[in-house]
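Structure file query38.pdb with PDB, N, CA and C atoms and all ligand atoms:
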```pdb
MODEL        1
ATOM      1  N   MET A   1     114.581 142.520  69.236  1.00  0.00           N
ATOM      2  CA  MET A   1     114.675 142.477  70.692  1.00  0.00           C
ATOM      3  C   MET A   1     114.298 143.835  71.275  1.00  0.00           C
ATOM      4  N   ASP A   2     113.160 143.887  71.839  1.00  0.00           N
ATOM      5  CA  ASP A   2     112.708 145.140  72.414  1.00  0.00           C
ATOM      6  C   ASP A   2     112.750 145.044  73.935  1.00  0.00           C
ATOM      7  N   ALA A   3     113.610 145.836  74.528  1.00  0.00           N
ATOM      8  CA  ALA A   3     113.734 145.802  75.982  1.00  0.00           C
ATOM      9  C   ALA A   3     112.449 146.251  76.659  1.00  0.00           C
ATOM     10  N   LEU A   4     111.760 147.131  75.994  1.00  0.00           N
ATOM     11  CA  LEU A   4     110.499 147.605  76.546  1.00  0.00           C
ATOM     12  C   LEU A   4     109.357 146.754  76.013  1.00  0.00           C
ATOM     13  N   ASN A   5     109.292 145.559  76.508  1.00  0.00           N
ATOM     14  CA  ASN A   5     108.286 144.633  76.017  1.00  0.00           C
ATOM     15  C   ASN A   5     106.936 144.948  76.640  1.00  0.00           C
ATOM     16  N   MET A   6     106.352 146.007  76.165  1.00  0.00           N
ATOM     17  CA  MET A   6     105.121 146.479  76.777  1.00  0.00           C
ATOM     18  C   MET A   6     103.917 145.728  76.223  1.00  0.00           C
ATOM     19  N   THR A   7     102.987 145.496  77.076  1.00  0.00           N
ATOM     20  CA  THR A   7     101.816 144.739  76.675  1.00  0.00           C
ATOM     21  C   THR A   7     100.582 145.625  76.617  1.00  0.00           C
ATOM     22  N   LYS A   8      99.827 145.423  75.589  1.00  0.00           N
ATOM     23  CA  LYS A   8      98.519 146.053  75.490  1.00  0.00           C
ATOM     24  C   LYS A   8      98.547 147.572  75.583  1.00  0.00           C
ATOM     25  N   VAL A   9      99.566 148.138  75.018  1.00  0.00           N
ATOM     26  CA  VAL A   9      99.614 149.593  75.008  1.00  0.00           C
ATOM     27  C   VAL A   9      99.004 150.098  73.707  1.00  0.00           C
ATOM     28  N   VAL A  10      98.039 150.946  73.852  1.00  0.00           N
ATOM     29  CA  VAL A  10      97.384 151.511  72.681  1.00  0.00           C
ATOM     30  C   VAL A  10      98.192 152.707  72.191  1.00  0.00           C
ATOM     31  N   LEU A  11      98.615 152.633  70.952  1.00  0.00           N
ATOM     32  CA  LEU A  11      99.456 153.707  70.429  1.00  0.00           C
ATOM     33  C   LEU A  11      98.703 154.648  69.500  1.00  0.00           C
ATOM     34  N   HIS A  12      97.446 154.352  69.286  1.00  0.00           N
ATOM     35  CA  HIS A  12      96.674 155.221  68.416  1.00  0.00           C
ATOM     36  C   HIS A  12      95.617 155.956  69.220  1.00  0.00           C
ATOM     37  N   SER A  13      95.582 157.234  69.013  1.00  0.00           N
ATOM     38  CA  SER A  13      94.614 158.055  69.728  1.00  0.00           C
ATOM     39  C   SER A  13      94.040 159.070  68.760  1.00  0.00           C
ATOM     40  N   ALA A  14      92.750 159.276  68.854  1.00  0.00           N
ATOM     41  CA  ALA A  14      92.115 160.268  67.994  1.00  0.00           C
ATOM     42  C   ALA A  14      92.025 161.586  68.749  1.00  0.00           C
ATOM     43  N   ILE A  15      92.743 162.567  68.252  1.00  0.00           N
ATOM     44  CA  ILE A  15      92.742 163.872  68.900  1.00  0.00           C
ATOM     45  C   ILE A  15      91.626 164.729  68.330  1.00  0.00           C
ATOM     46  N   THR A  16      90.842 165.311  69.219  1.00  0.00           N
ATOM     47  CA  THR A  16      89.795 166.233  68.802  1.00  0.00           C
ATOM     48  C   THR A  16      90.239 167.655  69.086  1.00  0.00           C
ATOM     49  N   CYS A  17      90.286 168.465  68.062  1.00  0.00           N
ATOM     50  CA  CYS A  17      90.677 169.855  68.232  1.00  0.00           C
ATOM     51  C   CYS A  17      89.563 170.622  68.931  1.00  0.00           C
ATOM     52  N   PRO A  18      89.876 171.291  70.036  1.00  0.00           N
ATOM     53  CA  PRO A  18      88.852 172.030  70.767  1.00  0.00           C
ATOM     54  C   PRO A  18      88.432 173.308  70.049  1.00  0.00           C
ATOM     55  N   GLU A  19      89.203 173.721  69.090  1.00  0.00           N
ATOM     56  CA  GLU A  19      88.897 174.958  68.384  1.00  0.00           C
ATOM     57  C   GLU A  19      87.915 174.744  67.243  1.00  0.00           C
ATOM     58  N   CYS A  20      88.152 173.709  66.460  1.00  0.00           N
ATOM     59  CA  CYS A  20      87.316 173.512  65.276  1.00  0.00           C
ATOM     60  C   CYS A  20      86.620 172.164  65.253  1.00  0.00           C
ATOM     61  N   GLY A  21      86.945 171.299  66.193  1.00  0.00           N
ATOM     62  CA  GLY A  21      86.266 170.016  66.257  1.00  0.00           C
ATOM     63  C   GLY A  21      86.821 168.968  65.321  1.00  0.00           C
ATOM     64  N   HIS A  22      87.905 169.289  64.658  1.00  0.00           N
ATOM     65  CA  HIS A  22      88.516 168.349  63.735  1.00  0.00           C
ATOM     66  C   HIS A  22      89.115 167.171  64.490  1.00  0.00           C
ATOM     67  N   VAL A  23      88.849 165.968  64.019  1.00  0.00           N
ATOM     68  CA  VAL A  23      89.368 164.766  64.663  1.00  0.00           C
ATOM     69  C   VAL A  23      90.426 164.141  63.764  1.00  0.00           C
ATOM     70  N   LYS A  24      91.560 163.847  64.350  1.00  0.00           N
ATOM     71  CA  LYS A  24      92.646 163.240  63.589  1.00  0.00           C
ATOM     72  C   LYS A  24      93.253 162.124  64.409  1.00  0.00           C
ATOM     73  N   GLU A  25      93.371 160.962  63.779  1.00  0.00           N
ATOM     74  CA  GLU A  25      94.000 159.853  64.476  1.00  0.00           C
ATOM     75  C   GLU A  25      95.514 159.963  64.365  1.00  0.00           C
ATOM     76  N   GLU A  26      96.154 159.885  65.495  1.00  0.00           N
ATOM     77  CA  GLU A  26      97.604 160.024  65.536  1.00  0.00           C
ATOM     78  C   GLU A  26      98.230 158.818  66.221  1.00  0.00           C
ATOM     79  N   THR A  27      99.484 158.604  65.908  1.00  0.00           N
ATOM     80  CA  THR A  27     100.244 157.576  66.602  1.00  0.00           C
ATOM     81  C   THR A  27     101.093 158.230  67.670  1.00  0.00           C
ATOM     82  N   MET A  28     100.989 157.712  68.869  1.00  0.00           N
ATOM     83  CA  MET A  28     101.701 158.326  69.986  1.00  0.00           C
ATOM     84  C   MET A  28     103.105 157.759  70.115  1.00  0.00           C
ATOM     85  N   PRO A  29     104.047 158.596  70.497  1.00  0.00           N
ATOM     86  CA  PRO A  29     105.383 158.091  70.807  1.00  0.00           C
ATOM     87  C   PRO A  29     105.335 157.297  72.100  1.00  0.00           C
ATOM     88  N   THR A  30     106.071 156.188  72.157  1.00  0.00           N
ATOM     89  CA  THR A  30     105.982 155.324  73.334  1.00  0.00           C
ATOM     90  C   THR A  30     106.864 155.794  74.470  1.00  0.00           C
ATOM     91  N   ASP A  31     107.849 156.606  74.170  1.00  0.00           N
ATOM     92  CA  ASP A  31     108.848 156.922  75.184  1.00  0.00           C
ATOM     93  C   ASP A  31     108.819 158.378  75.635  1.00  0.00           C
ATOM     94  N   SER A  32     107.858 159.123  75.154  1.00  0.00           N
ATOM     95  CA  SER A  32     107.822 160.522  75.562  1.00  0.00           C
ATOM     96  C   SER A  32     106.406 161.049  75.441  1.00  0.00           C
ATOM     97  N   CYS A  33     106.212 162.192  76.028  1.00  0.00           N
ATOM     98  CA  CYS A  33     104.918 162.834  75.919  1.00  0.00           C
ATOM     99  C   CYS A  33     104.978 163.942  74.878  1.00  0.00           C
ATOM    100  N   GLN A  34     103.864 164.172  74.261  1.00  0.00           N
ATOM    101  CA  GLN A  34     103.811 165.236  73.272  1.00  0.00           C
ATOM    102  C   GLN A  34     103.104 166.444  73.863  1.00  0.00           C
ATOM    103  N   TRP A  35     103.835 167.512  73.971  1.00  0.00           N
ATOM    104  CA  TRP A  35     103.299 168.710  74.614  1.00  0.00           C
ATOM    105  C   TRP A  35     102.526 169.591  73.661  1.00  0.00           C
ATOM    106  N   PHE A  36     102.938 169.569  72.423  1.00  0.00           N
ATOM    107  CA  PHE A  36     102.298 170.455  71.457  1.00  0.00           C
ATOM    108  C   PHE A  36     101.734 169.640  70.307  1.00  0.00           C
ATOM    109  N   TYR A  37     100.613 170.098  69.829  1.00  0.00           N
ATOM    110  CA  TYR A  37     100.013 169.440  68.688  1.00  0.00           C
ATOM    111  C   TYR A  37      99.327 170.497  67.839  1.00  0.00           C
ATOM    112  N   GLU A  38      99.677 170.533  66.575  1.00  0.00           N
ATOM    113  CA  GLU A  38      99.071 171.518  65.697  1.00  0.00           C
ATOM    114  C   GLU A  38      97.952 170.883  64.901  1.00  0.00           C
ATOM    115  N   CYS A  39      96.785 171.457  65.042  1.00  0.00           N
ATOM    116  CA  CYS A  39      95.639 170.972  64.280  1.00  0.00           C
ATOM    117  C   CYS A  39      95.887 171.209  62.796  1.00  0.00           C
ATOM    118  N   GLU A  40      95.689 170.165  62.003  1.00  0.00           N
ATOM    119  CA  GLU A  40      95.986 170.287  60.582  1.00  0.00           C
ATOM    120  C   GLU A  40      94.939 171.128  59.853  1.00  0.00           C
ATOM    121  N   ARG A  41      93.806 171.333  60.482  1.00  0.00           N
ATOM    122  CA  ARG A  41      92.747 172.073  59.812  1.00  0.00           C
ATOM    123  C   ARG A  41      92.763 173.563  60.141  1.00  0.00           C
ATOM    124  N   CYS A  42      92.791 173.896  61.440  1.00  0.00           N
ATOM    125  CA  CYS A  42      92.705 175.309  61.803  1.00  0.00           C
ATOM    126  C   CYS A  42      94.040 175.872  62.272  1.00  0.00           C
ATOM    127  N   ARG A  43      95.052 175.029  62.335  1.00  0.00           N
ATOM    128  CA  ARG A  43      96.406 175.458  62.706  1.00  0.00           C
ATOM    129  C   ARG A  43      96.523 175.921  64.140  1.00  0.00           C
ATOM    130  N   SER A  44      95.547 175.594  64.955  1.00  0.00           N
ATOM    131  CA  SER A  44      95.672 175.901  66.369  1.00  0.00           C
ATOM    132  C   SER A  44      96.711 174.983  66.992  1.00  0.00           C
ATOM    133  N   VAL A  45      97.540 175.529  67.837  1.00  0.00           N
ATOM    134  CA  VAL A  45      98.507 174.710  68.555  1.00  0.00           C
ATOM    135  C   VAL A  45      97.914 174.357  69.907  1.00  0.00           C
ATOM    136  N   LEU A  46      97.674 173.073  70.090  1.00  0.00           N
ATOM    137  CA  LEU A  46      97.073 172.610  71.325  1.00  0.00           C
ATOM    138  C   LEU A  46      98.152 172.334  72.355  1.00  0.00           C
ATOM    139  N   ARG A  47      97.831 172.648  73.590  1.00  0.00           N
ATOM    140  CA  ARG A  47      98.708 172.304  74.696  1.00  0.00           C
ATOM    141  C   ARG A  47      97.899 171.573  75.750  1.00  0.00           C
ATOM    142  N   PRO A  48      98.553 170.783  76.587  1.00  0.00           N
ATOM    143  CA  PRO A  48      97.809 169.997  77.581  1.00  0.00           C
ATOM    144  C   PRO A  48      97.027 170.887  78.535  1.00  0.00           C
ATOM    145  N   LEU A  49      95.900 170.399  78.957  1.00  0.00           N
ATOM    146  CA  LEU A  49      95.130 171.094  79.973  1.00  0.00           C
ATOM    147  C   LEU A  49      95.828 170.949  81.314  1.00  0.00           C
ATOM    148  N   ALA A  50      95.478 171.797  82.250  1.00  0.00           N
ATOM    149  CA  ALA A  50      96.071 171.725  83.588  1.00  0.00           C
ATOM    150  C   ALA A  50      95.850 170.347  84.192  1.00  0.00           C
ATOM    151  N   GLY A  51      96.922 169.736  84.658  1.00  0.00           N
ATOM    152  CA  GLY A  51      96.825 168.424  85.273  1.00  0.00           C
ATOM    153  C   GLY A  51      97.094 167.283  84.319  1.00  0.00           C
ATOM    154  N   ASP A  52      97.116 167.591  83.038  1.00  0.00           N
ATOM    155  CA  ASP A  52      97.416 166.557  82.059  1.00  0.00           C
ATOM    156  C   ASP A  52      98.858 166.693  81.592  1.00  0.00           C
ATOM    157  N   CYS A  53      99.444 165.560  81.212  1.00  0.00           N
ATOM    158  CA  CYS A  53     100.864 165.568  80.875  1.00  0.00           C
ATOM    159  C   CYS A  53     101.097 165.804  79.400  1.00  0.00           C
ATOM    160  N   CYS A  54     100.110 165.569  78.586  1.00  0.00           N
ATOM    161  CA  CYS A  54     100.344 165.717  77.159  1.00  0.00           C
ATOM    162  C   CYS A  54      99.018 165.931  76.427  1.00  0.00           C
ATOM    163  N   VAL A  55      99.118 166.272  75.175  1.00  0.00           N
ATOM    164  CA  VAL A  55      97.917 166.593  74.416  1.00  0.00           C
ATOM    165  C   VAL A  55      97.005 165.383  74.221  1.00  0.00           C
ATOM    166  N   PHE A  56      97.597 164.193  74.255  1.00  0.00           N
ATOM    167  CA  PHE A  56      96.771 163.000  74.083  1.00  0.00           C
ATOM    168  C   PHE A  56      95.878 162.787  75.294  1.00  0.00           C
ATOM    169  N   CYS A  57      96.424 163.092  76.478  1.00  0.00           N
ATOM    170  CA  CYS A  57      95.617 162.942  77.684  1.00  0.00           C
ATOM    171  C   CYS A  57      94.480 163.970  77.718  1.00  0.00           C
ATOM    172  N   SER A  58      94.733 165.137  77.148  1.00  0.00           N
ATOM    173  CA  SER A  58      93.733 166.194  77.203  1.00  0.00           C
ATOM    174  C   SER A  58      92.711 166.085  76.077  1.00  0.00           C
ATOM    175  N   TYR A  59      93.175 165.741  74.896  1.00  0.00           N
ATOM    176  CA  TYR A  59      92.290 165.814  73.734  1.00  0.00           C
ATOM    177  C   TYR A  59      92.098 164.488  73.011  1.00  0.00           C
ATOM    178  N   GLY A  60      92.887 163.494  73.384  1.00  0.00           N
ATOM    179  CA  GLY A  60      92.799 162.222  72.679  1.00  0.00           C
ATOM    180  C   GLY A  60      91.801 161.273  73.291  1.00  0.00           C
ATOM    181  N   THR A  61      91.526 160.215  72.571  1.00  0.00           N
ATOM    182  CA  THR A  61      90.599 159.200  73.055  1.00  0.00           C
ATOM    183  C   THR A  61      91.290 158.229  74.000  1.00  0.00           C
ATOM    184  N   VAL A  62      92.617 158.204  73.951  1.00  0.00           N
ATOM    185  CA  VAL A  62      93.392 157.270  74.762  1.00  0.00           C
ATOM    186  C   VAL A  62      94.475 158.041  75.495  1.00  0.00           C
ATOM    187  N   LYS A  63      94.713 157.667  76.735  1.00  0.00           N
ATOM    188  CA  LYS A  63      95.809 158.284  77.477  1.00  0.00           C
ATOM    189  C   LYS A  63      97.141 157.888  76.860  1.00  0.00           C
ATOM    190  N   CYS A  64      98.157 158.685  77.148  1.00  0.00           N
ATOM    191  CA  CYS A  64      99.447 158.448  76.521  1.00  0.00           C
ATOM    192  C   CYS A  64     100.103 157.177  77.057  1.00  0.00           C
ATOM    193  N   PRO A  65     100.999 156.585  76.273  1.00  0.00           N
ATOM    194  CA  PRO A  65     101.643 155.317  76.660  1.00  0.00           C
ATOM    195  C   PRO A  65     102.308 155.327  78.030  1.00  0.00           C
ATOM    196  N   PRO A  66     103.022 156.368  78.430  1.00  0.00           N
ATOM    197  CA  PRO A  66     103.625 156.339  79.774  1.00  0.00           C
ATOM    198  C   PRO A  66     102.590 156.175  80.882  1.00  0.00           C
ATOM    199  N   ILE A  67     101.426 156.746  80.689  1.00  0.00           N
ATOM    200  CA  ILE A  67     100.370 156.595  81.691  1.00  0.00           C
ATOM    201  C   ILE A  67      99.762 155.201  81.636  1.00  0.00           C
ATOM    202  N   GLN A  68      99.681 154.659  80.439  1.00  0.00           N
ATOM    203  CA  GLN A  68      99.137 153.306  80.319  1.00  0.00           C
ATOM    204  C   GLN A  68     100.046 152.279  80.955  1.00  0.00           C
ATOM    205  N   THR A  69     101.346 152.518  80.876  1.00  0.00           N
ATOM    206  CA  THR A  69     102.285 151.510  81.358  1.00  0.00           C
ATOM    207  C   THR A  69     102.639 151.676  82.821  1.00  0.00           C
ATOM    208  N   SER A  70     102.511 152.882  83.341  1.00  0.00           N
ATOM    209  CA  SER A  70     102.817 153.062  84.753  1.00  0.00           C
ATOM    210  C   SER A  70     101.642 153.732  85.445  1.00  0.00           C
ATOM    211  N   ALA A  71     101.150 153.061  86.463  1.00  0.00           N
ATOM    212  CA  ALA A  71      99.990 153.579  87.164  1.00  0.00           C
ATOM    213  C   ALA A  71     100.328 154.817  87.964  1.00  0.00           C
ATOM    214  N   SER A  72     101.594 155.012  88.223  1.00  0.00           N
ATOM    215  CA  SER A  72     101.998 156.092  89.111  1.00  0.00           C
ATOM    216  C   SER A  72     102.020 157.446  88.420  1.00  0.00           C
ATOM    217  N   GLY A  73     102.135 157.454  87.122  1.00  0.00           N
ATOM    218  CA  GLY A  73     102.143 158.747  86.470  1.00  0.00           C
ATOM    219  C   GLY A  73     102.980 158.753  85.215  1.00  0.00           C
ATOM    220  N   CYS A  74     103.359 159.921  84.831  1.00  0.00           N
ATOM    221  CA  CYS A  74     103.933 160.091  83.524  1.00  0.00           C
ATOM    222  C   CYS A  74     105.362 160.622  83.613  1.00  0.00           C
ATOM    223  N   CYS A  75     105.967 160.736  82.436  1.00  0.00           N
ATOM    224  CA  CYS A  75     107.368 161.123  82.376  1.00  0.00           C
ATOM    225  C   CYS A  75     107.613 162.558  82.801  1.00  0.00           C
ATOM    226  N   SER A  76     106.584 163.373  82.778  1.00  0.00           N
ATOM    227  CA  SER A  76     106.781 164.783  83.090  1.00  0.00           C
ATOM    228  C   SER A  76     106.808 165.038  84.596  1.00  0.00           C
ATOM    229  N   ARG A  77     106.479 164.029  85.371  1.00  0.00           N
ATOM    230  CA  ARG A  77     106.462 164.194  86.821  1.00  0.00           C
ATOM    231  C   ARG A  77     107.497 163.290  87.477  1.00  0.00           C
TER     232      ARG A  77
HETATM  233 ZN    ZN B   1      91.413 172.700  64.761  1.00  0.00          ZN
ENDMDL
END
```

Give the structure from this file in structure tokens form.
Ligand SMILES: [Zn+2]
Amino acid sequence: MDALNMTKVVLHSAITCPECGHVKEETMPTDSCQWFYECERCRSVLRPLAGDCCVFCSYGTVKCPPIQTSASGCCSR
């Protein structure tokens, strides 16, 4: 029984490291945003770009789940 019966939320996003170009597919948390992400190749710690709520929105192929489920915005606002 999942109270958050969300539909069509994509939980997989491929993050591209802006430092070395390494692409890694990650699973996003459904209930929170991820502010920090460490590239497994170059060890750069990525942070969201200005205006973005999380690293998936800035560097991933898919926006984060809170943005997908609510048109109004994300948990950080
Ligand atoms: Zn990297």

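When the PyMOL selection byres (((chain A and resi 37-41) around 8) and not hetatm) is run on the displayed coordinates, the residues it returns are Thr16, Cys17, Cys20, His22, Lys24, Gln34, Trp35, Phe36, Cys42, Arg43, Ser44, Val45, Leu46, Arg47, Pro48, Cys54, Val55 and Phe56 of chain A.
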
(request) Would you list, as a PyMOL selection string, the residues of chain A that end up in helix (DSSP H, G or I) under DSSP run on this structure's backbone? (result) chain A and resi 55-59+65-69

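Reported to one decimal place, the separation of atom CA of A:Gly60 from atom CA of A:Glu26 is 8.9 Å.
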
(request) Point out the residue among A:Met28, A:Ala14, A:Val23, A:Val62 with the least atom-to-atom distance to ligand ZN 1 (chain B), counting only N, CA and C atoms and all ligand atoms. (result) A:Val23

If you count only C-alpha atoms, which residues fall within 9 Å of stretch 64-70 of chain A, apart from same-chain ones fewer than 6 positions away, as an mmCIF file with N, CA and C atoms, in the coordinates of the input?
```cif
data_model
loop_
_atom_site.group_PDB
_atom_site.id
_atom_site.type_symbol
_atom_site.label_atom_id
_atom_site.label_comp_id
_atom_site.auth_asym_id
_atom_site.auth_seq_id
_atom_site.Cartn_x
_atom_site.Cartn_y
_atom_site.Cartn_z
ATOM 1 N N MET A 6 106.352 146.007 76.165
ATOM 2 C CA MET A 6 105.121 146.479 76.777
ATOM 3 C C MET A 6 103.917 145.728 76.223
ATOM 4 N N THR A 7 102.987 145.496 77.076
ATOM 5 C CA THR A 7 101.816 144.739 76.675
ATOM 6 C C THR A 7 100.582 145.625 76.617
ATOM 7 N N LYS A 8 99.827 145.423 75.589
ATOM 8 C CA LYS A 8 98.519 146.053 75.490
ATOM 9 C C LYS A 8 98.547 147.572 75.583
ATOM 10 N N VAL A 9 99.566 148.138 75.018
ATOM 11 C CA VAL A 9 99.614 149.593 75.008
ATOM 12 C C VAL A 9 99.004 150.098 73.707
ATOM 13 N N VAL A 10 98.039 150.946 73.852
ATOM 14 C CA VAL A 10 97.384 151.511 72.681
ATOM 15 C C VAL A 10 98.192 152.707 72.191
ATOM 16 N N LEU A 11 98.615 152.633 70.952
ATOM 17 C CA LEU A 11 99.456 153.707 70.429
ATOM 18 C C LEU A 11 98.703 154.648 69.500
ATOM 19 N N SER A 13 95.582 157.234 69.013
ATOM 20 C CA SER A 13 94.614 158.055 69.728
ATOM 21 C C SER A 13 94.040 159.070 68.760
ATOM 22 N N MET A 28 100.989 157.712 68.869
ATOM 23 C CA MET A 28 101.701 158.326 69.986
ATOM 24 C C MET A 28 103.105 157.759 70.115
ATOM 25 N N PRO A 29 104.047 158.596 70.497
ATOM 26 C CA PRO A 29 105.383 158.091 70.807
ATOM 27 C C PRO A 29 105.335 157.297 72.100
ATOM 28 N N THR A 30 106.071 156.188 72.157
ATOM 29 C CA THR A 30 105.982 155.324 73.334
ATOM 30 C C THR A 30 106.864 155.794 74.470
ATOM 31 N N ASP A 31 107.849 156.606 74.170
ATOM 32 C CA ASP A 31 108.848 156.922 75.184
ATOM 33 C C ASP A 31 108.819 158.378 75.635
ATOM 34 N N SER A 32 107.858 159.123 75.154
ATOM 35 C CA SER A 32 107.822 160.522 75.562
ATOM 36 C C SER A 32 106.406 161.049 75.441
ATOM 37 N N CYS A 33 106.212 162.192 76.028
ATOM 38 C CA CYS A 33 104.918 162.834 75.919
ATOM 39 C C CYS A 33 104.978 163.942 74.878
ATOM 40 N N GLN A 34 103.864 164.172 74.261
ATOM 41 C CA GLN A 34 103.811 165.236 73.272
ATOM 42 C C GLN A 34 103.104 166.444 73.863
ATOM 43 N N CYS A 53 99.444 165.560 81.212
ATOM 44 C CA CYS A 53 100.864 165.568 80.875
ATOM 45 C C CYS A 53 101.097 165.804 79.400
ATOM 46 N N CYS A 54 100.110 165.569 78.586
ATOM 47 C CA CYS A 54 100.344 165.717 77.159
ATOM 48 C C CYS A 54 99.018 165.931 76.427
ATOM 49 N N VAL A 55 99.118 166.272 75.175
ATOM 50 C CA VAL A 55 97.917 166.593 74.416
ATOM 51 C C VAL A 55 97.005 165.383 74.221
ATOM 52 N N PHE A 56 97.597 164.193 74.255
ATOM 53 C CA PHE A 56 96.771 163.000 74.083
ATOM 54 C C PHE A 56 95.878 162.787 75.294
ATOM 55 N N CYS A 57 96.424 163.092 76.478
ATOM 56 C CA CYS A 57 95.617 162.942 77.684
ATOM 57 C C CYS A 57 94.480 163.970 77.718
#
```

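Going from atom CA of A:Pro18 to atom C of A:Leu49 covers 12.7 Å.
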
(request) Taking the DSSP assignment computed from this structure's backbone, write out as a count of residues only all residues of stretch 37-76 of chain A that belong to strand (DSSP E or B). (result) 4
